[in-house]
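These notes concern the structure reproduced below.
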Amino acid sequence: MEKIKALLNKYQELIRYTLWGTFATGSNILTYYLCYDLWHIGNTQSNIAAWAVSVLVAFVTNKVWVFHSRRAGLRRTIREFLSFSAFRFVSELFDLGIMFWAVEVMRWPALFWKIAANCIVIALNYFFSKFIIFKQVPV
């Protein structure tokens with residue numbers, strides 16, 4: 001039991017990122033599904049809408065519950081959000097590229113490829129968030 005506690009303690013940040021990332025990814029996939037499949041909005045537009053929703057969800061959850069960013073003040077929070085959004089935009093370019101190639105060019109199933117693209121995006125986003133955006137700074 002002590003080994004399990006030690007592992008949970010050692011990897012608690014990664015566990016939190018996975019849990020909250022699943023929530024953000026779910027919001028991305030749900031938004032894409034609503035836009036593309038139910039409301040018949042184009043693939044690229046649906047993907048952009050899904051990205052915007054998931055960035056808002058991910059910023060709040062990453063800042064508060066995953067990386068415990070304690071940077072205070074509106075100006076710093078705005079700067080942090082802009083940095084977060086910029087790096088999420090970079091990972092979104094990967095998402096858009098994969099989705100364009102898979103859905104528009106290859107005519108493969110959209111929802112399957114949306115999920116596959118998110119796996120790549122999750123890894124990129126963790127790296128950006130942990131080592132650049134929310135890296136611990138001395139208080």
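Following the order of the structure tokens, first chain is A, next is B, and so on, with residues numbered from 1 inside each chain and ligands from 1 in the order they appear.
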Near A:Phe84, counting only C-alpha atoms, which residues have an atom at most 8 Å away, once you skip same-chain residues fewer than 3 positions from it, shown as a VMD selection string? chain A and resid 59 80 to 81 87 to 88 129 133
Kindly export the residues of the current selection with N, CA and C atoms, as a PDB file, in the first residue's frame.
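Generated output (result11.pdb):
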ATOM      1  N   PHE A  59      -7.444  26.020 -19.767  1.00  0.00           N
ATOM      2  CA  PHE A  59      -6.717  27.077 -19.065  1.00  0.00           C
ATOM      3  C   PHE A  59      -7.113  27.114 -17.593  1.00  0.00           C
ATOM      4  N   GLU A  80      -0.549  35.123 -18.894  1.00  0.00           N
ATOM      5  CA  GLU A  80      -0.518  33.663 -18.816  1.00  0.00           C
ATOM      6  C   GLU A  80      -1.531  33.053 -19.800  1.00  0.00           C
ATOM      7  N   PHE A  81      -2.728  33.630 -19.851  1.00  0.00           N
ATOM      8  CA  PHE A  81      -3.754  33.136 -20.765  1.00  0.00           C
ATOM      9  C   PHE A  81      -3.319  33.303 -22.216  1.00  0.00           C
ATOM     10  N   PHE A  87       0.373  28.780 -27.332  1.00  0.00           N
ATOM     11  CA  PHE A  87       0.908  27.429 -27.446  1.00  0.00           C
ATOM     12  C   PHE A  87      -0.178  26.426 -27.822  1.00  0.00           C
ATOM     13  N   ARG A  88      -1.385  26.643 -27.340  1.00  0.00           N
ATOM     14  CA  ARG A  88      -2.494  25.770 -27.747  1.00  0.00           C
ATOM     15  C   ARG A  88      -2.787  25.960 -29.235  1.00  0.00           C
ATOM     16  N   SER A 129       2.682  23.315 -21.296  1.00  0.00           N
ATOM     17  CA  SER A 129       2.155  23.801 -20.022  1.00  0.00           C
ATOM     18  C   SER A 129       3.144  23.619 -18.884  1.00  0.00           C
ATOM     19  N   ILE A 133       4.603  27.472 -19.831  1.00  0.00           N
ATOM     20  CA  ILE A 133       3.538  28.369 -19.391  1.00  0.00           C
ATOM     21  C   ILE A 133       3.397  28.434 -17.888  1.00  0.00           C
TER      22      ILE A 133
END
Contacts of A:Thr25 within 9 Å, only C-alpha atoms, excl. fewer than 2 positions in-chain, as a PyMOL selection string: chain A and resi 20-23+27-30+54+58+115+118+122
Could you save the residues just selected, with C-alpha atoms, as a short mmCIF file (atom, residue, chain, number, x, y, z; two decimals), in the first residue's frame?
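Everything below was put into again24.cif:
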data_model
loop_
_atom_site.label_atom_id
_atom_site.label_comp_id
_atom_site.auth_asym_id
_atom_site.auth_seq_id
_atom_site.Cartn_x
_atom_site.Cartn_y
_atom_site.Cartn_z
CA TRP A 20 -8.54 17.34 -16.26
CA GLY A 21 -7.11 16.83 -19.73
CA THR A 22 -9.71 14.14 -20.31
CA PHE A 23 -12.37 16.67 -19.34
CA SER A 27 -15.27 19.22 -24.29
CA ASN A 28 -13.28 19.42 -27.53
CA ILE A 29 -14.75 16.24 -28.97
CA LEU A 30 -18.29 17.06 -27.81
CA SER A 54 -11.34 23.34 -24.94
CA ALA A 58 -8.07 23.69 -20.15
CA ILE A 115 -9.78 11.28 -31.18
CA ASN A 118 -6.18 14.63 -29.72
CA ILE A 122 -2.34 16.12 -25.43
#
If we count only C-alpha atoms, what is near A:Ala123 at a cut-off of 12 Å, once residues fewer than 3 positions away on the same chain are taken out, given as a PyMOL selection string? chain A and resi 14+17-18+21+88+91+94+116-120+126-130
Please determine, counting only C-alpha atoms, which residue among A:Val64, A:Ile41, A:Ile15, A:Lys5 has the shortest atom-to-atom distance to A:Thr77. A:Val64
Hey, which of A:Leu7, A:Leu111, A:Ala24, A:Ile78 ends up closest to A:Met99? Count only C-alpha atoms.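 Closest to A:Met99, using only C-alpha atoms: A:Leu111.
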Can you tell me, as a PyMOL selection string, what residues are no more than 9 Å from A:Asn47 when counting only C-alpha atoms, ignoring any on the same chain fewer than 5 positions away? chain A and resi 28-29+31-32+35-36+42+52+92+95-96+99+114
Among the residues A:Gln12, A:Phe131, A:Lys3, A:Asn43, the one that comes closest to A:Val105 [using only C-alpha atoms]: A:Asn43
Which residue out of A:Leu93, A:Ala110, A:Ala102, A:Ala72 has the minimum interatomic distance to A:Leu124 when only C-alpha atoms are used?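 Of the candidates, the smallest distance to A:Leu124 is held by A:Leu93.
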